[in-house]
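Enquirer: Structure supplied as start_35.cif; contents: mmCIF, C-alpha atoms and all ligand atoms.
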```cif
data_query
#
loop_
_atom_site.group_PDB
_atom_site.id
_atom_site.type_symbol
_atom_site.label_atom_id
_atom_site.label_comp_id
_atom_site.auth_asym_id
_atom_site.auth_seq_id
_atom_site.Cartn_x
_atom_site.Cartn_y
_atom_site.Cartn_z
ATOM 1 C CA MET U 1 0.000 0.000 0.000
ATOM 2 C CA SER U 2 1.343 3.380 -0.922
ATOM 3 C CA ALA U 3 1.301 6.487 1.193
ATOM 4 C CA PRO U 4 -2.247 7.351 2.160
ATOM 5 C CA GLN U 5 -1.916 11.098 1.616
ATOM 6 C CA ASP U 6 -4.794 11.351 -0.849
ATOM 7 C CA GLU U 7 -7.057 8.813 0.728
ATOM 8 C CA ARG U 8 -9.809 9.498 3.171
ATOM 9 C CA CYS U 9 -8.524 9.761 6.686
ATOM 10 C CA PRO U 10 -9.233 6.609 8.715
ATOM 11 C CA CYS U 11 -10.562 8.688 11.603
ATOM 12 C CA GLY U 12 -13.773 9.353 9.705
ATOM 13 C CA THR U 13 -13.932 13.119 9.356
ATOM 14 C CA GLY U 14 -14.336 12.755 5.605
ATOM 15 C CA GLU U 15 -11.171 14.747 4.990
ATOM 16 C CA VAL U 16 -8.272 13.265 3.121
ATOM 17 C CA TYR U 17 -5.463 12.103 5.334
ATOM 18 C CA SER U 18 -3.025 14.815 4.281
ATOM 19 C CA SER U 19 -5.369 17.583 5.426
ATOM 20 C CA CYS U 20 -6.564 15.764 8.539
ATOM 21 C CA CYS U 21 -4.483 13.636 10.904
ATOM 22 C CA GLY U 22 -1.681 13.542 8.360
ATOM 23 C CA ARG U 23 -0.758 17.138 9.231
ATOM 24 C CA PHE U 24 -0.082 16.223 12.856
ATOM 25 C CA HIS U 25 1.706 13.027 11.941
ATOM 26 C CA GLY U 26 3.829 14.816 9.385
ATOM 27 C CA THR U 27 4.933 17.531 11.772
ATOM 28 C CA PHE U 28 5.739 14.947 14.401
ATOM 29 C CA ALA U 29 7.764 12.877 11.959
ATOM 30 C CA GLN U 30 9.851 15.929 11.108
ATOM 31 C CA SER U 31 10.293 17.666 14.435
ATOM 32 C CA GLN U 32 8.753 15.464 17.165
ATOM 33 C CA GLU U 33 6.321 18.293 17.805
ATOM 34 C CA LEU U 34 2.721 17.622 18.754
ATOM 35 C CA THR U 35 0.433 20.007 16.955
ATOM 36 C CA ALA U 36 -3.095 18.638 17.321
ATOM 37 C CA PRO U 37 -4.994 21.615 18.762
ATOM 38 C CA THR U 38 -7.790 19.855 20.632
ATOM 39 C CA ALA U 39 -8.321 16.658 22.580
ATOM 40 C CA GLU U 40 -10.603 15.360 19.875
ATOM 41 C CA ALA U 41 -8.099 16.057 17.134
ATOM 42 C CA LEU U 42 -5.426 14.382 19.208
ATOM 43 C CA MET U 43 -7.611 11.337 19.817
ATOM 44 C CA ARG U 44 -8.430 11.089 16.134
ATOM 45 C CA SER U 45 -4.786 11.302 15.197
ATOM 46 C CA ARG U 46 -4.009 8.531 17.666
ATOM 47 C CA TYR U 47 -6.688 6.297 16.219
ATOM 48 C CA THR U 48 -5.357 7.004 12.751
ATOM 49 C CA ALA U 49 -1.852 6.146 13.903
ATOM 50 C CA PHE U 50 -3.117 2.760 15.058
ATOM 51 C CA ALA U 51 -4.988 2.232 11.818
ATOM 52 C CA LEU U 52 -2.028 3.173 9.649
ATOM 53 C CA ALA U 53 0.392 1.152 11.722
ATOM 54 C CA SER U 54 -1.593 -1.989 11.053
ATOM 55 C CA HIS U 55 -0.982 -1.370 7.377
ATOM 56 C CA GLY U 56 2.599 -0.294 7.849
ATOM 57 C CA THR U 57 2.051 3.146 6.356
ATOM 58 C CA PHE U 58 3.079 5.388 9.245
ATOM 59 C CA ALA U 59 6.613 4.501 10.203
ATOM 60 C CA GLN U 60 6.606 6.560 13.386
ATOM 61 C CA ALA U 61 3.236 5.443 14.681
ATOM 62 C CA GLU U 62 4.692 3.905 17.823
ATOM 63 C CA GLN U 63 6.651 7.014 18.714
ATOM 64 C CA TYR U 64 3.599 9.164 18.032
ATOM 65 C CA LEU U 65 1.357 7.066 20.247
ATOM 66 C CA LEU U 66 3.859 7.050 23.077
ATOM 67 C CA ALA U 67 4.382 10.786 22.831
ATOM 68 C CA THR U 68 0.651 11.447 23.075
ATOM 69 C CA TRP U 69 -0.066 8.964 25.857
ATOM 70 C CA THR U 70 -0.994 10.366 29.212
ATOM 71 C CA PRO U 71 2.004 9.699 31.498
ATOM 72 C CA GLU U 72 0.052 7.756 34.136
ATOM 73 C CA THR U 73 -0.913 4.949 31.805
ATOM 74 C CA ARG U 74 1.803 5.092 29.214
ATOM 75 C CA PRO U 75 3.540 1.779 28.633
ATOM 76 C CA ARG U 76 7.310 1.781 28.521
ATOM 77 C CA GLU U 77 7.239 0.628 24.988
ATOM 78 C CA LEU U 78 4.682 -0.335 22.470
ATOM 79 C CA ALA U 79 4.687 -3.237 20.088
ATOM 80 C CA LEU U 80 2.178 -2.456 17.429
ATOM 81 C CA ASP U 81 0.891 -5.052 15.081
ATOM 82 C CA ALA U 82 3.043 -4.994 12.030
ATOM 83 C CA PRO U 83 1.822 -6.329 8.743
ATOM 84 C CA GLY U 84 3.068 -9.787 7.970
ATOM 85 C CA GLN U 85 3.232 -10.939 11.564
ATOM 86 C CA GLY U 86 0.560 -13.491 10.945
ATOM 87 C CA PRO U 87 -3.154 -13.445 10.323
ATOM 88 C CA ASP U 88 -4.064 -13.167 13.969
ATOM 89 C CA GLU U 89 -1.939 -10.146 14.629
ATOM 90 C CA ALA U 90 -3.159 -7.251 12.566
ATOM 91 C CA LEU U 91 -6.441 -5.645 13.522
ATOM 92 C CA ASP U 92 -8.595 -4.049 10.933
ATOM 93 C CA TRP U 93 -9.638 -0.633 12.216
ATOM 94 C CA VAL U 94 -13.105 0.083 10.979
ATOM 95 C CA ARG U 95 -14.391 3.266 12.535
ATOM 96 C CA LEU U 96 -13.946 5.738 15.330
ATOM 97 C CA ASP U 97 -16.902 7.310 17.099
ATOM 98 C CA ILE U 98 -16.230 10.240 19.371
ATOM 99 C CA GLU U 99 -18.871 10.061 22.089
ATOM 100 C CA GLN U 100 -18.005 12.874 24.412
ATOM 101 C CA VAL U 101 -15.306 15.452 24.876
ATOM 102 C CA GLU U 102 -14.523 17.187 28.131
ATOM 103 C CA GLY U 103 -12.080 20.023 28.170
ATOM 104 C CA GLY U 104 -9.262 19.658 25.754
ATOM 105 C CA GLY U 105 -10.114 22.744 23.761
ATOM 106 C CA PRO U 106 -7.487 25.063 22.336
ATOM 107 C CA PHE U 107 -7.103 26.808 25.697
ATOM 108 C CA HIS U 108 -6.989 23.750 27.916
ATOM 109 C CA ASP U 109 -3.913 21.739 28.548
ATOM 110 C CA ASP U 110 -5.651 18.483 29.169
ATOM 111 C CA GLY U 111 -8.909 16.876 28.359
ATOM 112 C CA SER U 112 -10.796 13.662 28.221
ATOM 113 C CA VAL U 113 -12.381 11.989 25.245
ATOM 114 C CA THR U 114 -14.849 9.158 25.367
ATOM 115 C CA PHE U 115 -14.769 7.172 22.198
ATOM 116 C CA THR U 116 -15.666 3.883 20.660
ATOM 117 C CA ALA U 117 -13.180 2.289 18.336
ATOM 118 C CA HIS U 118 -14.543 -0.400 16.076
ATOM 119 C CA PHE U 119 -12.161 -2.953 14.715
ATOM 120 C CA ARG U 120 -12.185 -6.385 13.210
ATOM 121 C CA THR U 121 -9.940 -9.211 14.138
ATOM 122 C CA PRO U 122 -8.980 -11.268 11.129
ATOM 123 C CA GLY U 123 -8.775 -14.496 13.087
ATOM 124 C CA GLY U 124 -12.024 -15.957 11.776
ATOM 125 C CA PRO U 125 -12.329 -19.490 10.458
ATOM 126 C CA ALA U 126 -11.831 -18.510 6.832
ATOM 127 C CA SER U 127 -8.571 -16.792 7.569
ATOM 128 C CA SER U 128 -5.638 -18.533 5.977
ATOM 129 C CA GLY U 129 -2.835 -16.075 6.117
ATOM 130 C CA SER U 130 -3.934 -13.906 3.268
ATOM 131 C CA ALA U 131 -3.122 -10.231 3.368
ATOM 132 C CA PRO U 132 -5.177 -8.519 6.063
ATOM 133 C CA SER U 133 -5.413 -5.350 4.025
ATOM 134 C CA SER U 134 -8.450 -6.452 2.035
ATOM 135 C CA SER U 135 -10.702 -4.480 4.272
ATOM 136 C CA SER U 136 -13.749 -3.898 2.123
ATOM 137 C CA GLY U 137 -15.584 -7.154 2.715
ATOM 138 C CA LEU U 138 -17.348 -7.899 5.942
ATOM 139 C CA GLY U 139 -16.941 -11.587 5.340
ATOM 140 C CA SER U 140 -14.287 -12.941 7.607
ATOM 141 C CA GLY U 141 -13.191 -12.323 11.102
ATOM 142 C CA SER U 142 -15.231 -10.995 13.927
ATOM 143 C CA THR U 143 -16.131 -7.453 14.772
ATOM 144 C CA ALA U 144 -15.109 -6.131 18.107
ATOM 145 C CA THR U 145 -15.781 -2.810 19.686
ATOM 146 C CA ALA U 146 -13.609 -1.185 22.246
ATOM 147 C CA MET U 147 -15.076 1.601 24.277
ATOM 148 C CA SER U 148 -12.795 3.657 26.333
ATOM 149 C CA THR U 149 -12.338 6.972 27.946
ATOM 150 C CA GLU U 150 -8.928 8.331 27.419
ATOM 151 C CA ALA U 151 -7.357 11.167 29.285
ATOM 152 C CA LEU U 152 -5.096 13.107 27.031
ATOM 153 C CA THR U 153 -2.343 15.488 27.783
ATOM 154 C CA LEU U 154 -2.283 18.100 25.109
ATOM 155 C CA PRO U 155 0.865 19.657 23.770
ATOM 156 C CA ALA U 156 1.771 22.858 25.503
ATOM 157 C CA PRO U 157 0.120 25.779 23.802
ATOM 158 C CA HIS U 158 2.382 28.261 22.149
ATOM 159 C CA PRO U 159 2.569 31.473 24.158
HETATM 160 ZN ZN ZN P 1 -8.093 12.219 10.625
#
```
Translate the structure of the given file into structure tokens.

Expert:
Amino acid sequence: MSAPQDERCPCGTGEVYSSCCGRFHGTFAQSQELTAPTAEALMRSRYTAFALASHGTFAQAEQYLLATWTPETRPRELALDAPGQGPDEALDWVRLDIEQVEGGGPFHDDGSVTFTAHFRTPGGPASSGSAPSSSSGLGSGSTATAMSTEALTLPAPHP
């Protein structure tokens, strides 16, 4: 799969990646700076990082996720599913629903986002090691939904 710049952003805003979460990912890849202005934007860009990582199209996804993790719950390191690690490894990220946002606006320095992330596990009976990137069909695997509230620490606002 090529770079997703011109494809619709996985986070579901309807924007193309390069004018949605791709802006924040791109800045981070160049300068390690976090530029998502709101908690929701940050959450979306994290979801997108997960989604792209499962297709191997955002090389710095792990660093991005660690950098945006709230310090209390941040793991020391992160082993994301890489493509080709076997049919049971890569999740297929289907959709992100933002349920509720508290704080986390441009003038807050932290916030909390309640969201539901929908994903499919490709470990269904028909799975035989084929590429997990054929995401259009609903045929194989099972659908799982993870609901979570995530506290986010936003990047320091520029004075
Ligand atoms: Zn996005």

Enquirer: If the PyMOL selection byres (((chain U and resi 8) around 12) and not hetatm) were run on this exact file, what residues would it hold? Put them as a list in words.

Expert: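 When the PyMOL selection byres (((chain U and resi 8) around 12) and not hetatm) is applied to the shown file, the picked residues are Ala3, Pro4, Gln5, Asp6, Glu7, Cys9, Pro10, Cys11, Gly12, Thr13, Gly14, Glu15, Val16, Tyr17, Ser18, Ser19, Cys20, Cys21, Gly22, Thr48 and Leu52 of chain U.
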
Enquirer: Which is closer to ligand ZN 1 (chain P) than all the others in U:Ala29, U:Leu91, U:Ala61, U:Leu96, using only C-alpha atoms and all ligand atoms?

Expert: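 When distances to ligand ZN 1 (chain P) are compared using only C-alpha atoms and all ligand atoms, the smallest one comes from U:Leu96.
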
Enquirer: Please tell me which residues are no farther than 9 Å from (-3.3, 9.3, 17.8) in the file, counting only C-alpha atoms, and write them as an NGL selection string.

Expert: :U and (21 or 25 or 41-50 or 61 or 64-65 or 68-69)

Enquirer: What residues come out when you apply the PyMOL selection byres (((chain U and resi 78) around 12) and not hetatm) to this file, written as a list in words?

Expert: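 Going through the file, the PyMOL selection byres (((chain U and resi 78) around 12) and not hetatm) ends up selecting Phe50, Ala53, Gln60, Ala61, Glu62, Gln63, Tyr64, Leu65, Leu66, Ala67, Trp69, Arg74, Pro75, Arg76, Glu77, Ala79, Leu80, Asp81 and Ala82 of chain U.
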
Enquirer: Would you pick out the contacts of Phe107 (chain U) at 9 Å or less, using only C-alpha atoms, so that residues sharing its chain but fewer than 2 positions from it are not included, and give the list as a compact mmCIF listing (two decimals) with C-alpha atoms, in the frame of the given file?

Expert:
```txt
# COMPACT_ATOMS: atom_id res chain seq x y z
CA PRO U 37 -4.99 21.62 18.76
CA THR U 38 -7.79 19.86 20.63
CA GLY U 103 -12.08 20.02 28.17
CA GLY U 104 -9.26 19.66 25.75
CA GLY U 105 -10.11 22.74 23.76
CA ASP U 109 -3.91 21.74 28.55
CA PRO U 157 0.12 25.78 23.80
```

Enquirer: For CA of Asp110 (chain U) and CA of Ala39 (chain U), determine how far apart the two atoms are, in Å to one decimal place.

Expert: 7.3 Å

Enquirer: Could you jot down the CA of Ser112 (chain U) to CA of Trp93 (chain U) separation for me, Å, one decimal place?

Expert: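 Computing it gives 21.5 Å between the two atoms.
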
Enquirer: If we draw a sphere of 8 Å around (-10.2, 2.5, 17.8), which residues have at least one atom in it when counting all atoms listed in the file? Please report them as an mmCIF file with C-alpha atoms, in the coordinates of the input.

Expert:
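Result went into part_20.cif, see below:
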```
data_model
loop_
_atom_site.group_PDB
_atom_site.id
_atom_site.type_symbol
_atom_site.label_atom_id
_atom_site.label_comp_id
_atom_site.auth_asym_id
_atom_site.auth_seq_id
_atom_site.Cartn_x
_atom_site.Cartn_y
_atom_site.Cartn_z
ATOM 1 C CA TYR U 47 -6.688 6.297 16.219
ATOM 2 C CA PHE U 50 -3.117 2.760 15.058
ATOM 3 C CA ALA U 51 -4.988 2.232 11.818
ATOM 4 C CA TRP U 93 -9.638 -0.633 12.216
ATOM 5 C CA VAL U 94 -13.105 0.083 10.979
ATOM 6 C CA ARG U 95 -14.391 3.266 12.535
ATOM 7 C CA LEU U 96 -13.946 5.738 15.330
ATOM 8 C CA PHE U 115 -14.769 7.172 22.198
ATOM 9 C CA THR U 116 -15.666 3.883 20.660
ATOM 10 C CA ALA U 117 -13.180 2.289 18.336
ATOM 11 C CA HIS U 118 -14.543 -0.400 16.076
ATOM 12 C CA PHE U 119 -12.161 -2.953 14.715
ATOM 13 C CA THR U 145 -15.781 -2.810 19.686
ATOM 14 C CA ALA U 146 -13.609 -1.185 22.246
#
```

Enquirer: If I take CA of Gly56 (chain U) and CA of Glu40 (chain U), how far is one from the other in Å, to one decimal?

Expert: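 Between these atoms lies a distance of 23.7 Å.
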
Enquirer: Using only C-alpha atoms and all ligand atoms, which of U:Phe58, U:Phe24, U:Glu99, U:Pro106 sits nearest ligand ZN 1 (chain P)?

Expert: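 Using only C-alpha atoms and all ligand atoms, the shortest distance to ligand ZN 1 (chain P) belongs to U:Phe24.
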
Enquirer: Go through U:Ala36, U:Ala59, U:Val113, U:Val101 one by one, measure the shortest atom-to-atom distance of each to ligand ZN 1 (chain P) using all atoms listed in the file, and give the residue with the smallest value.

Expert: U:Ala36

Enquirer: Considering all atoms listed in the file, state which residue in the set U:Asp97, U:Thr73, U:Glu102, U:Glu33 is at the smallest distance from ligand ZN 1 (chain P).

Expert: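 Nearest candidate to ligand ZN 1 (chain P) out of U:Asp97, U:Thr73, U:Glu102, U:Glu33: U:Asp97.
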
Enquirer: Between U:Arg23, U:Asp92, U:Gln100, U:Arg120, which has the minimum distance to Ser54 (chain U) (counting all atoms listed in the file)?

Expert: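 Between U:Arg23, U:Asp92, U:Gln100, U:Arg120, the residue approaching Ser54 (chain U) most closely is U:Asp92.
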